[in-house]
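Chemist: If you scroll down you'll find the structure; I have some questions about it.
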Amino acid sequence: MKLWRLALGLAALGLVTSAVQAGPYAQLSSTDTQPGSTEPKPASLNSNDALKELGHDKGVVTVKEAGTYFVMAAAQVGSTTGGSGSVRMWMRINGKDVDNSNTEQTITPNFTSVLVCQGLAEAKAGDKIEVWFSVSKTGEGLGLVALKPKGEPVVPSVIFSAFKAESGPYAQLSSTQSQTAETSPTLVSLNSVDASNKVDQDKGTITVKEDGVYFVMAAGQAGATKEGGKGSVKLWMRVNGRDVDNSNTEQSLPTGFTGVLVCQGLAELKAGDKIALYQSSTGTGVGMAASTPKGEPTVPSMIFSLFKVKATPYAQLSSTESQAAKTTSTPIALDSVDAAKDVENDKGTVKVKADGVYFVVAAGQVGATKGQEKGSVRLWVGLNGKDVDNSNTEQSIQPGYTSVLVCQGVGELKSGDRLQLLQSASAANLGMVATKPTGEPVIPSVIFSVFRID
């Protein structure tokens with residue numbers, strides 16, 4: 001048994017298409033800035049980056065084949081006027097809000113981040129899936145923000161990835177209760193079984209009933225659990241009571257701040273294996289924070305998704321070294337092959353060895369690699385030496401601040417195709433930051449995960 005992890009935050013990867021036989025999937029995005037409102041509104045999607053056996057019309061995705069679907073939305077949130085407040089995002093199916101699907105990101109002046117919302121949906125033919133969002137107040141320019149950096153791919157305002165999962169074990173779990181983290185490891189509880197098949201759960205301990213390779217994604221709403229709380233929160237995984245190497249992630253939490261902290265990866269599990277989430281904190285009164293905005297779904301303190309994937313090909317790669325970015329495109333090294341089958345890694349150049357439809361997630365623990373620098377870091381994907389359209393994401397950095405920046409996508413690849421991660425920064429000494437907390441797994445500077453879904 002092994003488990004490896006990815007990290008937080010989100011955006012899109014529009015991969016090339018080919019004549020590969022595959023099940024339903026969609027990779028959609030928007031290149032337009034979308035102003036928010038205190039009244040919920042749908043997110044528009046104007047680009048079909050990859051689409052098969054799913055319908056799409058201006059942000060409404062129609063299922064054509066019944067099954068269990070993994071759905072992941074990510075928005076580049078911020079303010080067009082330098083305002084402050086927060087942005088929330090959730091899912092709707094057939095015009096109804098999906099319970100426990102809401103997430104929230106605090107926006108401060110001249111700040112941008114990626115807001116993630118993910119889950120498993122048991123869908124029937126004809127079901128319609130949408131992404132909705134709202135902002136905390138008007139007059140602050142808050143919403144979903146598209147950016148067009150010179151010499152790099154567009155940073156889309158919103159990205160939507162969906163694909164039909166393997167028929168078999170899966171679980172969609174959440175917690176509607178706030179959970180304060182301590183300085184020592186604390187179990188994260190889960191009190192809601194939103195969907196489950198051949199997976200047991202008992203107060204946060206998840207037991208699989210079937211051998212296989214599993215994709216696991218945990219998204220915690222990090223924030224203050226007590227008035228005036230501030231500091232930072234870390235989140236990682238344990239399997240059968242042991243910490244998973246390279247599975248730790250961290251979110252800084254100034255006073256009044258909240259954001260989604262993601263920990264994810266691939267797990268080779270045996271029937272009876274048990275997965276649990278753990279958190280710890282610096283400072284006081286912070287952890288995983290639930291809230292109940294009026295007229296919207298609950299913002300859970302934790303959303304947990306797990307499903308079985310194909311046994312091959314897949315790879316879990318990471319870096320345990322900090323990597324500063326340049327102001328121009330900078331390749332990211334991956335020095336650790338945590339797991340790989342029919343996928344090769346050469347110092348960050350990742351080659352697939354079989355045609356197919358793949359899901360790819362890249363995540364970086366961004367911050368200052370030296371000193372107290374501030375600015376922004378961007379992360380995107382290259383394919384066969386060329387930038388992938390609509391794959392860029394951006395995270396603002398303040399002195400002493402760290403967060404997880406993610407770009408993700410689904411699409412078709414040919415045997416021999418080469419993927420690579422690239423980054424840039426607005427100032428020196430910013431980039432991907434690795435740390436080694438005492439008594440916890442390493443926080444990698446960057447994680448790359450890829451597996452075939454067809």
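Simple scheme: letters A, B, ... for chains in structure tokens order, numbers from 1 for residues in each chain, numbers from 1 for ligands in the order shown.
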For region 335-436 of chain A versus region 239-255 of chain A, which residues have an atom no more than 9 Å away, and what is each residue's nearest atom pair and distance in Å rounded to one decimal, using only C-alpha atoms, chain-then-number order, as CSV?
Modeler:
residue,atom,partner,partner_atom,distance
A:Asp338,CA,A:Asn246,CA,8.7
A:Gln365,CA,A:Thr249,CA,7.2
A:Gly400,CA,A:Ser252,CA,8.1
A:Tyr401,CA,A:Ser252,CA,5.6
A:Thr402,CA,A:Ser252,CA,5.5
A:Ser403,CA,A:Gln251,CA,4.7
A:Val404,CA,A:Glu250,CA,7.1
Chemist: Kindly save the residues from that selection, with C-alpha atoms included, as a short mmCIF file (atom, residue, chain, number, x, y, z; two decimals), in the first residue's frame.
Modeler:
data_model
loop_
_atom_site.label_atom_id
_atom_site.label_comp_id
_atom_site.auth_asym_id
_atom_site.auth_seq_id
_atom_site.Cartn_x
_atom_site.Cartn_y
_atom_site.Cartn_z
CA ASP A 338 6.59 8.74 -5.69
CA GLN A 365 3.17 25.49 -2.52
CA GLY A 400 5.15 35.64 5.17
CA TYR A 401 2.23 34.25 3.14
CA THR A 402 1.96 30.79 1.59
CA SER A 403 -0.82 28.97 -0.25
CA VAL A 404 -1.29 26.15 -2.76
#
Chemist: So that I can check the surroundings of Asp417 (chain A), please list as an mmCIF file with C-alpha atoms, in the first residue's frame every protein, DNA and RNA residue that reaches within 8 Å of it, counting only C-alpha atoms and ignoring chain neighbours fewer than 2 positions away.
Modeler:
data_model
loop_
_atom_site.group_PDB
_atom_site.id
_atom_site.type_symbol
_atom_site.label_atom_id
_atom_site.label_comp_id
_atom_site.auth_asym_id
_atom_site.auth_seq_id
_atom_site.Cartn_x
_atom_site.Cartn_y
_atom_site.Cartn_z
ATOM 1 C CA LYS A 351 6.188 11.310 -20.876
ATOM 2 C CA VAL A 352 3.089 9.138 -21.203
ATOM 3 C CA LYS A 353 3.530 5.720 -22.817
ATOM 4 C CA LEU A 383 2.838 20.040 -23.900
ATOM 5 C CA ASN A 384 5.550 18.891 -26.324
ATOM 6 C CA LEU A 413 -2.788 12.434 -25.103
ATOM 7 C CA LYS A 414 -0.765 10.323 -27.523
ATOM 8 C CA SER A 415 1.903 7.845 -26.501
ATOM 9 C CA LEU A 419 4.133 17.302 -20.256
#
Chemist: Contacts of Leu28 (chain A) at 6 Å or less, counting only C-alpha atoms, minus same-chain residues fewer than 2 places along, as a ChimeraX atom specification?
Modeler: /A:47-49,159-160
Chemist: Show which residues sit within 12 Å of Thr80 (chain A), as a PyMOL selection string. Count only C-alpha atoms, and ignore same-chain residues fewer than 6 positions away.
Modeler: chain A and resi 33-36+107-112+139-147+157
Chemist: For region 311-315 of chain A, please output as a ChimeraX atom specification all residues within 8 Å (counting only C-alpha atoms; exclusion window: fewer than 5 positions along the same chain).
Modeler: /A:212-213,337-343,352-354,448-452
Chemist: Name the residues of region 169-374 of chain A that fall into strand (DSSP E) according to DSSP on the backbone, using the chain letters and numbers of this document, as a compact mmCIF listing (two decimals) with N, CA and C atoms, in the first residue's frame.
Modeler:
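The new file part-v5.txt reads:
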# COMPACT_ATOMS: atom_id res chain seq x y z
N TYR A 170 -16.56 4.41 -4.58
CA TYR A 170 -16.38 5.86 -4.53
C TYR A 170 -17.03 6.38 -3.26
N ALA A 171 -16.65 7.59 -2.89
CA ALA A 171 -17.27 8.24 -1.73
C ALA A 171 -17.16 9.75 -1.87
N GLN A 172 -18.25 10.43 -1.54
CA GLN A 172 -18.27 11.89 -1.43
C GLN A 172 -18.73 12.20 -0.01
N LEU A 173 -17.81 12.74 0.80
CA LEU A 173 -18.04 12.97 2.21
C LEU A 173 -17.77 14.44 2.55
N SER A 174 -18.33 14.91 3.66
CA SER A 174 -18.09 16.30 4.05
C SER A 174 -18.32 16.47 5.54
N SER A 175 -18.00 17.67 6.03
CA SER A 175 -18.27 18.02 7.42
C SER A 175 -18.93 19.39 7.47
N GLN A 179 -13.82 22.94 12.84
CA GLN A 179 -12.90 22.07 13.58
C GLN A 179 -11.58 22.81 13.81
N THR A 180 -11.33 23.15 15.06
CA THR A 180 -10.11 23.89 15.41
C THR A 180 -8.91 22.96 15.38
N THR A 186 -4.23 16.66 14.53
CA THR A 186 -5.62 16.50 14.97
C THR A 186 -6.42 15.85 13.85
N LEU A 187 -7.18 14.78 14.16
CA LEU A 187 -8.01 14.13 13.17
C LEU A 187 -9.11 15.07 12.69
N SER A 192 -20.99 13.86 7.25
CA SER A 192 -22.01 13.74 6.21
C SER A 192 -21.54 12.81 5.10
N VAL A 193 -22.33 11.78 4.82
CA VAL A 193 -22.07 10.90 3.68
C VAL A 193 -22.97 11.37 2.55
N ASP A 194 -22.40 12.14 1.61
CA ASP A 194 -23.18 12.71 0.52
C ASP A 194 -23.43 11.69 -0.59
N ALA A 195 -22.50 10.77 -0.80
CA ALA A 195 -22.66 9.67 -1.76
C ALA A 195 -21.59 8.63 -1.44
N SER A 196 -21.93 7.34 -1.58
CA SER A 196 -20.95 6.32 -1.23
C SER A 196 -21.32 4.99 -1.87
N ASN A 197 -20.30 4.23 -2.28
CA ASN A 197 -20.47 2.90 -2.83
C ASN A 197 -19.22 2.07 -2.51
N VAL A 199 -17.53 1.86 0.11
CA VAL A 199 -16.59 2.58 0.95
C VAL A 199 -17.31 2.89 2.27
N ASP A 200 -16.68 2.56 3.40
CA ASP A 200 -17.25 2.86 4.71
C ASP A 200 -16.60 4.11 5.28
N GLN A 201 -17.35 4.81 6.14
CA GLN A 201 -16.77 5.97 6.81
C GLN A 201 -17.29 6.04 8.23
N ASP A 202 -16.39 6.30 9.18
CA ASP A 202 -16.74 6.40 10.58
C ASP A 202 -16.04 7.60 11.20
N THR A 205 -12.70 8.38 9.50
CA THR A 205 -11.87 7.25 9.08
C THR A 205 -12.58 6.54 7.95
N ILE A 206 -11.96 6.54 6.76
CA ILE A 206 -12.57 6.00 5.55
C ILE A 206 -11.95 4.64 5.24
N THR A 207 -12.77 3.61 5.08
CA THR A 207 -12.29 2.26 4.82
C THR A 207 -12.74 1.80 3.44
N VAL A 208 -11.78 1.41 2.60
CA VAL A 208 -12.14 0.89 1.28
C VAL A 208 -12.37 -0.62 1.38
N GLY A 212 -7.28 -1.74 -5.20
CA GLY A 212 -7.18 -0.95 -6.41
C GLY A 212 -6.38 0.33 -6.22
N VAL A 213 -6.26 1.07 -7.31
CA VAL A 213 -5.64 2.40 -7.29
C VAL A 213 -6.77 3.42 -7.15
N TYR A 214 -6.64 4.32 -6.20
CA TYR A 214 -7.68 5.30 -5.91
C TYR A 214 -7.14 6.72 -6.05
N PHE A 215 -8.01 7.61 -6.54
CA PHE A 215 -7.72 9.04 -6.51
C PHE A 215 -8.44 9.63 -5.30
N VAL A 216 -7.69 10.41 -4.53
CA VAL A 216 -8.21 10.99 -3.30
C VAL A 216 -8.00 12.49 -3.33
N MET A 217 -9.04 13.25 -3.01
CA MET A 217 -8.92 14.70 -2.95
C MET A 217 -9.68 15.23 -1.75
N ALA A 218 -8.97 15.96 -0.89
CA ALA A 218 -9.57 16.61 0.26
C ALA A 218 -9.43 18.12 0.10
N ALA A 219 -10.54 18.83 0.30
CA ALA A 219 -10.54 20.29 0.20
C ALA A 219 -11.11 20.87 1.48
N GLY A 220 -10.25 21.48 2.28
CA GLY A 220 -10.67 22.05 3.56
C GLY A 220 -10.86 23.55 3.46
N GLN A 221 -11.92 24.05 4.10
CA GLN A 221 -12.16 25.49 4.15
C GLN A 221 -11.38 26.04 5.35
N ALA A 222 -10.14 26.43 5.09
CA ALA A 222 -9.26 26.90 6.15
C ALA A 222 -9.64 28.32 6.56
N GLY A 223 -9.71 28.55 7.86
CA GLY A 223 -10.07 29.88 8.33
C GLY A 223 -10.12 29.93 9.84
N ALA A 224 -10.64 31.03 10.38
CA ALA A 224 -10.75 31.19 11.83
C ALA A 224 -11.93 30.39 12.35
N LYS A 230 -5.87 33.62 13.92
CA LYS A 230 -4.93 33.84 12.83
C LYS A 230 -3.74 32.91 13.00
N GLY A 231 -3.01 32.70 11.91
CA GLY A 231 -1.85 31.81 11.91
C GLY A 231 -1.74 31.08 10.60
N SER A 232 -1.60 29.77 10.64
CA SER A 232 -1.61 28.95 9.43
C SER A 232 -2.12 27.56 9.78
N VAL A 233 -2.62 26.86 8.75
CA VAL A 233 -3.14 25.50 8.92
C VAL A 233 -2.45 24.59 7.92
N LYS A 234 -2.09 23.40 8.36
CA LYS A 234 -1.53 22.37 7.48
C LYS A 234 -2.50 21.19 7.43
N LEU A 235 -2.52 20.51 6.29
CA LEU A 235 -3.44 19.40 6.05
C LEU A 235 -2.70 18.28 5.34
N TRP A 236 -2.85 17.04 5.83
CA TRP A 236 -2.20 15.91 5.19
C TRP A 236 -3.01 14.63 5.42
N MET A 237 -2.51 13.51 4.88
CA MET A 237 -3.21 12.23 4.95
C MET A 237 -2.43 11.20 5.76
N ARG A 238 -3.20 10.30 6.36
CA ARG A 238 -2.64 9.10 6.96
C ARG A 238 -3.35 7.88 6.37
N VAL A 239 -2.59 6.79 6.20
CA VAL A 239 -3.15 5.51 5.78
C VAL A 239 -2.75 4.47 6.83
N ARG A 242 -0.49 5.77 9.61
CA ARG A 242 0.84 6.31 9.33
C ARG A 242 0.74 7.49 8.38
N ASP A 243 1.53 8.56 8.67
CA ASP A 243 1.55 9.72 7.79
C ASP A 243 2.00 9.32 6.39
N THR A 249 0.23 20.07 3.05
CA THR A 249 0.00 21.36 2.39
C THR A 249 -0.31 22.41 3.45
N GLU A 250 -0.15 23.69 3.10
CA GLU A 250 -0.29 24.74 4.12
C GLU A 250 -0.98 25.97 3.56
N GLN A 251 -1.79 26.61 4.39
CA GLN A 251 -2.48 27.85 4.04
C GLN A 251 -2.27 28.88 5.15
N SER A 252 -1.74 30.05 4.79
CA SER A 252 -1.62 31.16 5.74
C SER A 252 -2.99 31.77 5.99
N LEU A 253 -3.23 32.22 7.22
CA LEU A 253 -4.53 32.76 7.59
C LEU A 253 -4.37 34.04 8.41
N GLY A 259 -9.80 30.50 2.96
CA GLY A 259 -9.48 30.00 1.63
C GLY A 259 -9.52 28.48 1.64
N VAL A 260 -9.56 27.87 0.45
CA VAL A 260 -9.65 26.41 0.34
C VAL A 260 -8.25 25.81 0.28
N LEU A 261 -7.99 24.86 1.16
CA LEU A 261 -6.71 24.15 1.22
C LEU A 261 -6.92 22.73 0.71
N VAL A 262 -6.21 22.37 -0.36
CA VAL A 262 -6.41 21.08 -1.02
C VAL A 262 -5.22 20.16 -0.79
N CYS A 263 -5.52 18.91 -0.54
CA CYS A 263 -4.53 17.85 -0.42
C CYS A 263 -5.04 16.69 -1.26
N GLN A 264 -4.27 16.21 -2.21
CA GLN A 264 -4.79 15.19 -3.11
C GLN A 264 -3.70 14.27 -3.64
N GLY A 265 -4.08 13.11 -4.17
CA GLY A 265 -3.09 12.20 -4.70
C GLY A 265 -3.66 10.87 -5.11
N LEU A 266 -2.77 9.94 -5.46
CA LEU A 266 -3.13 8.59 -5.89
C LEU A 266 -2.74 7.60 -4.81
N ALA A 267 -3.60 6.62 -4.56
CA ALA A 267 -3.36 5.64 -3.51
C ALA A 267 -3.51 4.23 -4.04
N GLU A 268 -2.52 3.38 -3.81
CA GLU A 268 -2.63 1.96 -4.07
C GLU A 268 -3.11 1.30 -2.77
N LEU A 269 -4.36 0.89 -2.72
CA LEU A 269 -4.97 0.43 -1.48
C LEU A 269 -5.42 -1.02 -1.57
N LYS A 274 -7.40 1.95 5.64
CA LYS A 274 -8.11 3.08 6.22
C LYS A 274 -7.37 4.39 5.94
N ILE A 275 -8.10 5.37 5.43
CA ILE A 275 -7.57 6.70 5.14
C ILE A 275 -8.18 7.69 6.11
N ALA A 276 -7.36 8.62 6.60
CA ALA A 276 -7.86 9.68 7.47
C ALA A 276 -7.10 10.97 7.15
N LEU A 277 -7.73 12.10 7.43
CA LEU A 277 -7.14 13.42 7.26
C LEU A 277 -6.72 13.97 8.61
N TYR A 278 -5.56 14.64 8.60
CA TYR A 278 -5.08 15.28 9.82
C TYR A 278 -4.73 16.74 9.54
N GLN A 279 -4.89 17.58 10.55
CA GLN A 279 -4.53 18.99 10.44
C GLN A 279 -3.72 19.41 11.67
N SER A 280 -2.98 20.49 11.51
CA SER A 280 -2.29 21.14 12.63
C SER A 280 -2.24 22.63 12.34
N SER A 281 -1.86 23.42 13.33
CA SER A 281 -1.85 24.87 13.12
C SER A 281 -0.71 25.53 13.85
N THR A 282 -0.36 26.72 13.37
CA THR A 282 0.41 27.68 14.15
C THR A 282 -0.56 28.80 14.50
N GLY A 283 -0.27 29.57 15.51
CA GLY A 283 -1.22 30.58 15.93
C GLY A 283 -2.34 29.95 16.74
N THR A 284 -3.47 30.66 16.86
CA THR A 284 -4.59 30.16 17.66
C THR A 284 -5.91 30.41 16.95
N VAL A 286 -7.63 28.73 14.66
CA VAL A 286 -7.77 28.48 13.23
C VAL A 286 -7.89 26.99 12.98
N GLY A 287 -8.40 26.64 11.81
CA GLY A 287 -8.57 25.24 11.43
C GLY A 287 -9.47 25.14 10.22
N MET A 288 -10.37 24.18 10.21
CA MET A 288 -11.32 24.00 9.13
C MET A 288 -12.66 24.62 9.56
N MET A 302 -14.90 20.65 5.44
CA MET A 302 -14.11 19.71 4.65
C MET A 302 -14.98 19.02 3.61
N ILE A 303 -14.44 18.89 2.40
CA ILE A 303 -15.06 18.09 1.33
C ILE A 303 -14.04 17.03 0.91
N PHE A 304 -14.48 15.77 0.91
CA PHE A 304 -13.57 14.66 0.63
C PHE A 304 -14.15 13.82 -0.50
N SER A 305 -13.35 13.59 -1.55
CA SER A 305 -13.76 12.78 -2.69
C SER A 305 -12.77 11.63 -2.88
N LEU A 306 -13.29 10.44 -3.17
CA LEU A 306 -12.44 9.26 -3.40
C LEU A 306 -13.12 8.38 -4.44
N PHE A 307 -12.35 7.91 -5.42
CA PHE A 307 -12.89 6.93 -6.36
C PHE A 307 -11.77 6.10 -6.96
N LYS A 308 -12.13 4.87 -7.37
CA LYS A 308 -11.16 3.95 -7.96
C LYS A 308 -10.89 4.34 -9.40
N VAL A 309 -9.61 4.25 -9.82
CA VAL A 309 -9.20 4.58 -11.18
C VAL A 309 -8.55 3.36 -11.81
N TYR A 314 -0.34 5.72 -14.66
CA TYR A 314 -0.48 6.81 -13.71
C TYR A 314 0.89 7.20 -13.18
N ALA A 315 0.97 8.36 -12.59
CA ALA A 315 2.22 8.79 -11.96
C ALA A 315 1.92 9.81 -10.88
N GLN A 316 2.67 9.73 -9.80
CA GLN A 316 2.65 10.72 -8.73
C GLN A 316 4.08 11.19 -8.53
N LEU A 317 4.32 12.45 -8.85
CA LEU A 317 5.65 13.03 -8.82
C LEU A 317 5.65 14.25 -7.91
N SER A 318 6.82 14.61 -7.39
CA SER A 318 6.88 15.76 -6.51
C SER A 318 8.29 16.32 -6.45
N SER A 319 8.43 17.44 -5.75
CA SER A 319 9.74 18.03 -5.51
C SER A 319 9.85 18.43 -4.05
N GLN A 323 11.95 26.18 -5.31
CA GLN A 323 12.32 26.55 -6.68
C GLN A 323 11.83 27.98 -6.96
N ALA A 324 12.77 28.91 -7.01
CA ALA A 324 12.43 30.30 -7.32
C ALA A 324 12.10 30.43 -8.80
N THR A 330 9.77 29.64 -16.50
CA THR A 330 10.79 28.89 -15.79
C THR A 330 10.34 27.44 -15.62
N PRO A 331 11.07 26.47 -16.18
CA PRO A 331 10.68 25.06 -16.00
C PRO A 331 10.75 24.64 -14.53
N SER A 336 11.31 13.71 -7.39
CA SER A 336 10.87 12.52 -6.69
C SER A 336 9.79 11.79 -7.47
N VAL A 337 10.06 10.53 -7.80
CA VAL A 337 9.04 9.68 -8.42
C VAL A 337 8.39 8.89 -7.29
N ASP A 338 7.26 9.38 -6.81
CA ASP A 338 6.59 8.74 -5.69
C ASP A 338 5.87 7.47 -6.12
N ALA A 339 5.39 7.47 -7.36
CA ALA A 339 4.77 6.27 -7.94
C ALA A 339 4.64 6.50 -9.44
N ALA A 340 4.85 5.46 -10.23
CA ALA A 340 4.68 5.60 -11.68
C ALA A 340 4.50 4.24 -12.32
N LYS A 341 3.59 4.20 -13.30
CA LYS A 341 3.39 3.00 -14.10
C LYS A 341 3.03 3.43 -15.51
N VAL A 343 4.38 5.69 -17.15
CA VAL A 343 4.64 7.12 -17.28
C VAL A 343 6.08 7.35 -16.84
N GLU A 344 6.85 8.10 -17.63
CA GLU A 344 8.26 8.36 -17.31
C GLU A 344 8.46 9.80 -16.88
N ASN A 345 9.43 10.01 -16.00
CA ASN A 345 9.78 11.35 -15.55
C ASN A 345 11.28 11.57 -15.72
N ASP A 346 11.64 12.66 -16.41
CA ASP A 346 13.04 13.04 -16.58
C ASP A 346 13.21 14.46 -16.08
N THR A 349 10.22 16.58 -17.00
CA THR A 349 9.60 16.29 -18.30
C THR A 349 8.92 14.93 -18.19
N VAL A 350 7.60 14.92 -18.28
CA VAL A 350 6.81 13.73 -17.99
C VAL A 350 6.24 13.17 -19.30
N LYS A 351 6.60 11.93 -19.61
CA LYS A 351 6.19 11.31 -20.88
C LYS A 351 5.21 10.18 -20.61
N VAL A 352 4.05 10.23 -21.30
CA VAL A 352 3.09 9.14 -21.20
C VAL A 352 3.43 8.08 -22.25
N GLY A 356 -4.57 7.81 -24.72
CA GLY A 356 -5.73 7.78 -23.84
C GLY A 356 -6.17 9.17 -23.42
N VAL A 357 -7.24 9.20 -22.65
CA VAL A 357 -7.72 10.42 -22.02
C VAL A 357 -7.17 10.45 -20.59
N TYR A 358 -6.54 11.55 -20.24
CA TYR A 358 -5.85 11.66 -18.95
C TYR A 358 -6.41 12.83 -18.14
N PHE A 359 -6.40 12.63 -16.82
CA PHE A 359 -6.65 13.74 -15.90
C PHE A 359 -5.33 14.13 -15.28
N VAL A 360 -5.04 15.42 -15.28
CA VAL A 360 -3.77 15.96 -14.82
C VAL A 360 -4.02 17.03 -13.76
N VAL A 361 -3.30 16.95 -12.67
CA VAL A 361 -3.36 18.00 -11.64
C VAL A 361 -1.94 18.35 -11.24
N ALA A 362 -1.64 19.65 -11.29
CA ALA A 362 -0.35 20.16 -10.84
C ALA A 362 -0.59 21.17 -9.74
N ALA A 363 0.22 21.12 -8.70
CA ALA A 363 0.01 22.02 -7.58
C ALA A 363 1.35 22.45 -7.01
N GLY A 364 1.44 23.73 -6.66
CA GLY A 364 2.66 24.27 -6.07
C GLY A 364 2.38 24.97 -4.77
N GLN A 365 3.25 24.76 -3.79
CA GLN A 365 3.17 25.49 -2.52
C GLN A 365 3.92 26.80 -2.72
N VAL A 366 3.18 27.86 -3.01
CA VAL A 366 3.80 29.11 -3.44
C VAL A 366 4.05 30.04 -2.26
N GLY A 367 5.09 30.85 -2.41
CA GLY A 367 5.45 31.83 -1.40
C GLY A 367 6.81 32.41 -1.73
N ALA A 368 7.46 33.02 -0.74
CA ALA A 368 8.80 33.57 -0.91
C ALA A 368 9.83 32.49 -0.64
Chemist: What's the separation between CA of Trp380 (chain A) and CA of Gly82 (chain A), in Å to one decimal place?
Modeler: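 Interatomic distance here is 24.6 Å.
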Chemist: Which distance in Å separates CA of Thr176 (chain A) and CA of Ala290 (chain A), to one decimal?
Modeler: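 The value is 5.8 Å.
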Chemist: Near region 69-75 of chain A, counting only C-alpha atoms, which residues have an atom at most 7 Å away, once you skip same-chain residues fewer than 4 positions from it, shown as a ChimeraX atom specification?
Modeler: /A:10-11,114-123,144,157-165
Chemist: For the residues selected in the previous step, produce a file with N, CA and C atoms as a compact mmCIF listing (two decimals), in the first residue's frame.
Modeler:
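What ended up in out_36.txt:
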# COMPACT_ATOMS: atom_id res chain seq x y z
N LEU A 10 -6.58 25.81 -8.03
CA LEU A 10 -7.08 25.15 -9.21
C LEU A 10 -7.17 26.02 -10.41
N ALA A 11 -7.22 25.34 -11.63
CA ALA A 11 -7.48 26.00 -12.89
C ALA A 11 -7.49 24.98 -13.98
N VAL A 114 -6.94 31.19 -6.61
CA VAL A 114 -7.79 30.20 -7.29
C VAL A 114 -8.71 29.56 -6.26
N LEU A 115 -10.02 29.60 -6.53
CA LEU A 115 -11.03 29.03 -5.65
C LEU A 115 -11.51 27.71 -6.23
N VAL A 116 -11.46 26.64 -5.42
CA VAL A 116 -11.73 25.29 -5.90
C VAL A 116 -13.05 24.76 -5.33
N CYS A 117 -13.79 24.06 -6.17
CA CYS A 117 -15.01 23.35 -5.76
C CYS A 117 -15.02 22.03 -6.51
N GLN A 118 -15.12 20.89 -5.78
CA GLN A 118 -15.02 19.60 -6.44
C GLN A 118 -15.96 18.60 -5.80
N GLY A 119 -16.31 17.54 -6.57
CA GLY A 119 -17.14 16.49 -5.99
C GLY A 119 -17.49 15.40 -6.99
N LEU A 120 -18.12 14.36 -6.46
CA LEU A 120 -18.64 13.26 -7.26
C LEU A 120 -20.15 13.40 -7.37
N ALA A 121 -20.67 13.27 -8.60
CA ALA A 121 -22.11 13.41 -8.84
C ALA A 121 -22.65 12.14 -9.46
N GLU A 122 -23.70 11.59 -8.87
CA GLU A 122 -24.41 10.47 -9.47
C GLU A 122 -25.44 11.05 -10.43
N ALA A 123 -25.16 11.02 -11.72
CA ALA A 123 -25.96 11.73 -12.71
C ALA A 123 -26.69 10.78 -13.64
N LEU A 144 -15.05 36.84 -10.83
CA LEU A 144 -14.16 35.90 -11.49
C LEU A 144 -13.36 36.67 -12.53
N SER A 157 -10.91 32.94 -16.23
CA SER A 157 -11.65 33.35 -15.04
C SER A 157 -12.27 32.15 -14.33
N VAL A 158 -12.56 31.10 -15.08
CA VAL A 158 -13.12 29.89 -14.47
C VAL A 158 -12.82 28.70 -15.37
N ILE A 159 -12.59 27.56 -14.73
CA ILE A 159 -12.30 26.31 -15.43
C ILE A 159 -13.23 25.24 -14.89
N PHE A 160 -13.68 24.36 -15.78
CA PHE A 160 -14.57 23.27 -15.40
C PHE A 160 -14.05 21.98 -16.03
N SER A 161 -13.82 20.98 -15.19
CA SER A 161 -13.39 19.66 -15.66
C SER A 161 -14.39 18.62 -15.18
N ALA A 162 -14.75 17.69 -16.05
CA ALA A 162 -15.68 16.63 -15.67
C ALA A 162 -15.37 15.38 -16.47
N PHE A 163 -15.50 14.23 -15.82
CA PHE A 163 -15.38 12.96 -16.55
C PHE A 163 -16.09 11.87 -15.78
N LYS A 164 -16.54 10.86 -16.54
CA LYS A 164 -17.20 9.71 -15.92
C LYS A 164 -16.16 8.84 -15.24
N ALA A 165 -16.38 8.57 -13.95
CA ALA A 165 -15.45 7.75 -13.19
C ALA A 165 -15.68 6.27 -13.46
Chemist: So which one's closest to Ser79 (chain A), A:Gly67, A:Tyr25, A:Glu53, A:Lys137? Using only C-alpha atoms, please.
Modeler: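 Closest to Ser79 (chain A), using only C-alpha atoms: A:Lys137.
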Chemist: Quote the spacing between CA of Ser113 (chain A) and CA of Glu394 (chain A) in Å to one decimal place.
Modeler: 6.2 Å
Chemist: Taking only C-alpha atoms into account, which of A:Lys148, A:Gly85, A:Lys226, A:Lys374 comes nearest Ala181 (chain A)?
Modeler: A:Lys226
Chemist: Calculated over only C-alpha atoms, which of the candidates A:Val135, A:Leu421, A:Val188, A:Ile443 has the smallest distance to Ala333 (chain A)?
Modeler: A:Leu421
